[in-house]
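Data block below; observations after.
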Amino acid sequence: MGVPTLACHCAVCESTDPRDKRTRPSILLAHAGHNILIDTAPDFRFQAMRAHLDRLDAVIYTHGHADHILGLDDIRPYNLKQKGVVPLYAAPETFDILRRQFAYVFDNKPTESTIPGVSVHEIDGPFTLFGIEFTPIPAHHGPQSVLGFRFGKAAYLTDFSRVPESSKELLRDLDDFILDALRYVPHPMHSTVDQSLALVEELKPRRAWFTHICHDLGHTVTNERLPAHVRLAYDGLQFEVAL
Ligand SMILES: [Zn+2]
Ligand SMILES: [Zn+2]
Ligand SMILES: [Zn+2]
């Protein structure tokens with residue numbers, strides 16, 4: 001829902017720490033002049049302005065929930081500036097949702113409006129984009145499925161409740177592991193702080209970054225309770241990744 005959460009006046013929603021201001025989840029990978037976005041959150045336009053994003057070369061989707069897709073319409077300026085479509089990469093079930101939620105993007109009907117220009121690339125295994133190899137990491141998101149992605153020595157795995165053993169094998173020897181940790185209280189669709197700490201302990205990345213954090217977790221107080229190599233991520237966080 002983002003933090004501050006609308007109509008909430010809890011300590012985290014009213015915090016003045018900029019790291020307690022959380023837009024919806026997304027990451028950007030910049031490599032050799034190309035920008036690859038993972039998920040188009042409802043806050044995509046604001047996030048792109050904040051990151052001074054002048055090019056968008058591809059979008060990869062984790063899954064089709066509203067907080068990960070609703071910014072798709074805002075890719076239009078990149079279509080116009082780059083005079084071309086933006087390739088979308090997603091699992092077939094995620095494209096089913098995108099086609100339903102954004103029928104006007106995919107139905108090829110004549111229109112006087114500017115609509116997002118996209119090309120469809122269904123993910124069915126590892127794929128390479130602009131020299132970066134992406135390994136999909138399938139996981140459970142309650143009764144649904146989600147894809148995490150490994151790129152070099154880093155991986156991004158948001159919105160999961162359980163990681164199958166076969167996927168854990170793809171998450172060994174990481175420098176940076178960015179993973180869902182919604183809150184302390186159990187949730188049927190999301191990993192909690194304690195569950196994510198257990199996964200970090202098992203997979204032993206050099207650093208772990210918790211994301212998809214709700215307003216239960218204040219930045220400073222939560223970090224004080226975490227091991228030194230595990231930190232809450234925050235909006236605008238940047239780091240380099242070895243490919
Ligand atoms: Zn709140
Ligand atoms: Zn989700
Ligand atoms: Zn989500």
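Residues in the structure tokens are numbered from 1 in each chain, the chains being A, B, ... in the order shown, and ligands are numbered from 1 in the order shown.
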
Near ligand 2, 12 Å: chain A residue rows, closest pairs, only C-alpha atoms and all ligand atoms, as JSON lines:
{"residue": "A:Met1", "atom": "CA", "partner": "ligand 2", "partner_atom_place_in_ligand_line": "1 (Zn)", "distance": 11.2}
{"residue": "A:Arg24", "atom": "CA", "partner": "ligand 2", "partner_atom_place_in_ligand_line": "1 (Zn)", "distance": 10.9}
{"residue": "A:Pro25", "atom": "CA", "partner": "ligand 2", "partner_atom_place_in_ligand_line": "1 (Zn)", "distance": 9.9}
{"residue": "A:Ser26", "atom": "CA", "partner": "ligand 2", "partner_atom_place_in_ligand_line": "1 (Zn)", "distance": 12.0}
{"residue": "A:Asp39", "atom": "CA", "partner": "ligand 2", "partner_atom_place_in_ligand_line": "1 (Zn)", "distance": 11.1}
{"residue": "A:Ala41", "atom": "CA", "partner": "ligand 2", "partner_atom_place_in_ligand_line": "1 (Zn)", "distance": 11.3}
{"residue": "A:Tyr61", "atom": "CA", "partner": "ligand 2", "partner_atom_place_in_ligand_line": "1 (Zn)", "distance": 11.1}
{"residue": "A:Thr62", "atom": "CA", "partner": "ligand 2", "partner_atom_place_in_ligand_line": "1 (Zn)", "distance": 8.5}
{"residue": "A:His63", "atom": "CA", "partner": "ligand 2", "partner_atom_place_in_ligand_line": "1 (Zn)", "distance": 6.7}
{"residue": "A:Gly64", "atom": "CA", "partner": "ligand 2", "partner_atom_place_in_ligand_line": "1 (Zn)", "distance": 7.2}
{"residue": "A:His65", "atom": "CA", "partner": "ligand 2", "partner_atom_place_in_ligand_line": "1 (Zn)", "distance": 4.9}
{"residue": "A:Ala66", "atom": "CA", "partner": "ligand 2", "partner_atom_place_in_ligand_line": "1 (Zn)", "distance": 7.7}
{"residue": "A:Asp67", "atom": "CA", "partner": "ligand 2", "partner_atom_place_in_ligand_line": "1 (Zn)", "distance": 7.2}
{"residue": "A:His68", "atom": "CA", "partner": "ligand 2", "partner_atom_place_in_ligand_line": "1 (Zn)", "distance": 7.3}
{"residue": "A:Ile69", "atom": "CA", "partner": "ligand 2", "partner_atom_place_in_ligand_line": "1 (Zn)", "distance": 10.1}
{"residue": "A:Thr94", "atom": "CA", "partner": "ligand 2", "partner_atom_place_in_ligand_line": "1 (Zn)", "distance": 11.2}
{"residue": "A:Ala139", "atom": "CA", "partner": "ligand 2", "partner_atom_place_in_ligand_line": "1 (Zn)", "distance": 11.5}
{"residue": "A:His140", "atom": "CA", "partner": "ligand 2", "partner_atom_place_in_ligand_line": "1 (Zn)", "distance": 10.2}
{"residue": "A:His141", "atom": "CA", "partner": "ligand 2", "partner_atom_place_in_ligand_line": "1 (Zn)", "distance": 6.8}
{"residue": "A:Gly142", "atom": "CA", "partner": "ligand 2", "partner_atom_place_in_ligand_line": "1 (Zn)", "distance": 8.9}
{"residue": "A:Pro143", "atom": "CA", "partner": "ligand 2", "partner_atom_place_in_ligand_line": "1 (Zn)", "distance": 10.8}
{"residue": "A:Gln144", "atom": "CA", "partner": "ligand 2", "partner_atom_place_in_ligand_line": "1 (Zn)", "distance": 8.7}
{"residue": "A:Ser145", "atom": "CA", "partner": "ligand 2", "partner_atom_place_in_ligand_line": "1 (Zn)", "distance": 9.0}
{"residue": "A:Val146", "atom": "CA", "partner": "ligand 2", "partner_atom_place_in_ligand_line": "1 (Zn)", "distance": 7.7}
{"residue": "A:Leu147", "atom": "CA", "partner": "ligand 2", "partner_atom_place_in_ligand_line": "1 (Zn)", "distance": 10.5}
{"residue": "A:Gly148", "atom": "CA", "partner": "ligand 2", "partner_atom_place_in_ligand_line": "1 (Zn)", "distance": 11.7}
{"residue": "A:Leu157", "atom": "CA", "partner": "ligand 2", "partner_atom_place_in_ligand_line": "1 (Zn)", "distance": 11.1}
{"residue": "A:Thr158", "atom": "CA", "partner": "ligand 2", "partner_atom_place_in_ligand_line": "1 (Zn)", "distance": 7.9}
{"residue": "A:Asp159", "atom": "CA", "partner": "ligand 2", "partner_atom_place_in_ligand_line": "1 (Zn)", "distance": 5.0}
{"residue": "A:Phe160", "atom": "CA", "partner": "ligand 2", "partner_atom_place_in_ligand_line": "1 (Zn)", "distance": 7.7}
{"residue": "A:Ser161", "atom": "CA", "partner": "ligand 2", "partner_atom_place_in_ligand_line": "1 (Zn)", "distance": 10.0}
{"residue": "A:Asp180", "atom": "CA", "partner": "ligand 2", "partner_atom_place_in_ligand_line": "1 (Zn)", "distance": 10.1}
{"residue": "A:Leu182", "atom": "CA", "partner": "ligand 2", "partner_atom_place_in_ligand_line": "1 (Zn)", "distance": 11.0}
{"residue": "A:His187", "atom": "CA", "partner": "ligand 2", "partner_atom_place_in_ligand_line": "1 (Zn)", "distance": 11.7}
{"residue": "A:Pro188", "atom": "CA", "partner": "ligand 2", "partner_atom_place_in_ligand_line": "1 (Zn)", "distance": 11.0}
{"residue": "A:Met189", "atom": "CA", "partner": "ligand 2", "partner_atom_place_in_ligand_line": "1 (Zn)", "distance": 7.4}
{"residue": "A:His190", "atom": "CA", "partner": "ligand 2", "partner_atom_place_in_ligand_line": "1 (Zn)", "distance": 8.0}
{"residue": "A:Ser191", "atom": "CA", "partner": "ligand 2", "partner_atom_place_in_ligand_line": "1 (Zn)", "distance": 11.2}
{"residue": "A:His212", "atom": "CA", "partner": "ligand 2", "partner_atom_place_in_ligand_line": "1 (Zn)", "distance": 9.5}

Please identify the residues whose atoms come within 9 Å of ligand 1, using only C-alpha atoms and all ligand atoms, and report them as a PDB file with C-alpha atoms, in the first residue's frame.
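Written file, out-v4.pdb:
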ATOM      1  CA  VAL A   3       4.245   4.097   3.452  1.00  0.00           C
ATOM      2  CA  PRO A   4       2.780   6.402   4.658  1.00  0.00           C
ATOM      3  CA  THR A   5      -0.305   4.242   4.297  1.00  0.00           C
ATOM      4  CA  LEU A   6      -3.349   6.326   3.441  1.00  0.00           C
ATOM      5  CA  ALA A   7      -5.339   7.455   6.474  1.00  0.00           C
ATOM      6  CA  CYS A   8      -2.857   5.889   8.926  1.00  0.00           C
ATOM      7  CA  HIS A   9      -1.248   7.935  11.692  1.00  0.00           C
ATOM      8  CA  CYS A  10       1.064   5.324  13.225  1.00  0.00           C
ATOM      9  CA  ALA A  11       4.632   6.215  14.233  1.00  0.00           C
ATOM     10  CA  VAL A  12       6.137   4.878  10.975  1.00  0.00           C
ATOM     11  CA  CYS A  13       3.587   6.602   8.731  1.00  0.00           C
ATOM     12  CA  GLU A  14       4.240   9.868  10.600  1.00  0.00           C
ATOM     13  CA  CYS A 214       4.838  -2.402   5.417  1.00  0.00           C
ATOM     14  CA  HIS A 215       4.287   0.309   8.023  1.00  0.00           C
ATOM     15  CA  ASP A 216       4.798  -2.135  10.893  1.00  0.00           C
TER      16      ASP A 216
END

- Message: When you look at Tyr156 (chain A) with a cut-off of 7 Å (counting only C-alpha atoms), what residues show up, excluding the ones that are within fewer than 5 positions of it in the same chain? I need them as an NGL selection string.
- Response: :A and (148-150 or 177-179)

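Ranking A:Gln82, A:Gly2, A:Lys21, A:Val241 by their shortest atom-to-atom distance to Gly218 (chain A), with only C-alpha atoms included, puts A:Lys21 first.
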
- Message: Residues within 9 Å of Leu72 (chain A), please, as a PyMOL selection string. Count only C-alpha atoms; anything in the same chain fewer than 3 positions from it doesn't count.
- Response: chain A and resi 39-42+44+69+75-76+102+116

- Just asking: which residues within region 4-179 of chain A are strand (DSSP E or B) according to DSSP, as number ranges by chain? A: 22, 27-31, 34-38, 58-60, 86-90, 118-122, 127-129, 132-141, 144-151, 154-157, 162, 176-179

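Going from CA of Ala48 (chain A) over to CA of Leu29 (chain A), you cover 12.4 Å.
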
- Task: Write out as JSON, numbers by chain the residues lying within 7 Å of Pro126 (chain A), counting only C-alpha atoms and excluding same-chain residues fewer than 5 positions away.
- Result: {"A": [133, 134, 135, 136]}

- Mind the document's chain letters and residue numbers, and return as a PyMOL selection string the residues of region 3-240 of chain A that DSSP labels helix (DSSP H, G or I). chain A and resi 18-20+44-50+66-69+72-82+92-101+103-106+165-171+193-203+219-225

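Shortest separation to Leu226 (chain A) among A:Ala154, A:Leu129, A:Val120, A:Ala208 occurs at residue A:Ala208, atoms counted being only C-alpha atoms.
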
Contacts of Asp57 (chain A) at 7 Å (only C-alpha atoms; same-chain gap of 4+ positions) as a PDB file with all heavy atoms, in the first residue's frame:
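After the write, part07.pdb holds the following:
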ATOM      1  N   HIS A  34      22.087   0.719 -20.825  1.00  0.00           N
ATOM      2  CA  HIS A  34      20.723   0.213 -20.897  1.00  0.00           C
ATOM      3  C   HIS A  34      20.095   0.171 -19.506  1.00  0.00           C
ATOM      4  O   HIS A  34      20.781  -0.098 -18.521  1.00  0.00           O
ATOM      5  CB  HIS A  34      20.701  -1.194 -21.502  1.00  0.00           C
ATOM      6  CG  HIS A  34      21.070  -1.212 -22.951  1.00  0.00           C
ATOM      7  ND1 HIS A  34      22.334  -1.529 -23.390  1.00  0.00           N
ATOM      8  CD2 HIS A  34      20.351  -0.918 -24.055  1.00  0.00           C
ATOM      9  CE1 HIS A  34      22.371  -1.442 -24.710  1.00  0.00           C
ATOM     10  NE2 HIS A  34      21.174  -1.073 -25.144  1.00  0.00           N
ATOM     11  N   ASN A  35      18.800   0.434 -19.476  1.00  0.00           N
ATOM     12  CA  ASN A  35      18.058   0.413 -18.214  1.00  0.00           C
ATOM     13  C   ASN A  35      16.961  -0.636 -18.273  1.00  0.00           C
ATOM     14  O   ASN A  35      16.094  -0.597 -19.145  1.00  0.00           O
ATOM     15  CB  ASN A  35      17.432   1.778 -17.941  1.00  0.00           C
ATOM     16  CG  ASN A  35      18.490   2.829 -17.668  1.00  0.00           C
ATOM     17  OD1 ASN A  35      19.460   2.582 -16.960  1.00  0.00           O
ATOM     18  ND2 ASN A  35      18.319   4.004 -18.237  1.00  0.00           N
ATOM     19  N   ILE A  36      17.011  -1.561 -17.340  1.00  0.00           N
ATOM     20  CA  ILE A  36      16.022  -2.635 -17.250  1.00  0.00           C
ATOM     21  C   ILE A  36      15.278  -2.473 -15.929  1.00  0.00           C
ATOM     22  O   ILE A  36      15.902  -2.393 -14.864  1.00  0.00           O
ATOM     23  CB  ILE A  36      16.715  -4.015 -17.299  1.00  0.00           C
ATOM     24  CG1 ILE A  36      17.544  -4.145 -18.585  1.00  0.00           C
ATOM     25  CG2 ILE A  36      15.687  -5.139 -17.179  1.00  0.00           C
ATOM     26  CD1 ILE A  36      18.507  -5.322 -18.567  1.00  0.00           C
ATOM     27  N   VAL A  86       8.743  -1.061 -25.972  1.00  0.00           N
ATOM     28  CA  VAL A  86       9.528  -1.536 -24.832  1.00  0.00           C
ATOM     29  C   VAL A  86       9.209  -3.021 -24.657  1.00  0.00           C
ATOM     30  O   VAL A  86       8.041  -3.392 -24.482  1.00  0.00           O
ATOM     31  CB  VAL A  86       9.176  -0.757 -23.544  1.00  0.00           C
ATOM     32  CG1 VAL A  86       9.866  -1.387 -22.327  1.00  0.00           C
ATOM     33  CG2 VAL A  86       9.579   0.712 -23.678  1.00  0.00           C
TER      34      VAL A  86
END

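Take the candidates A:Ile137, A:Ala233, A:Ile132, A:Val185 and check each one against Thr23 (chain A) using only C-alpha atoms; the shortest distance goes to A:Ala233.
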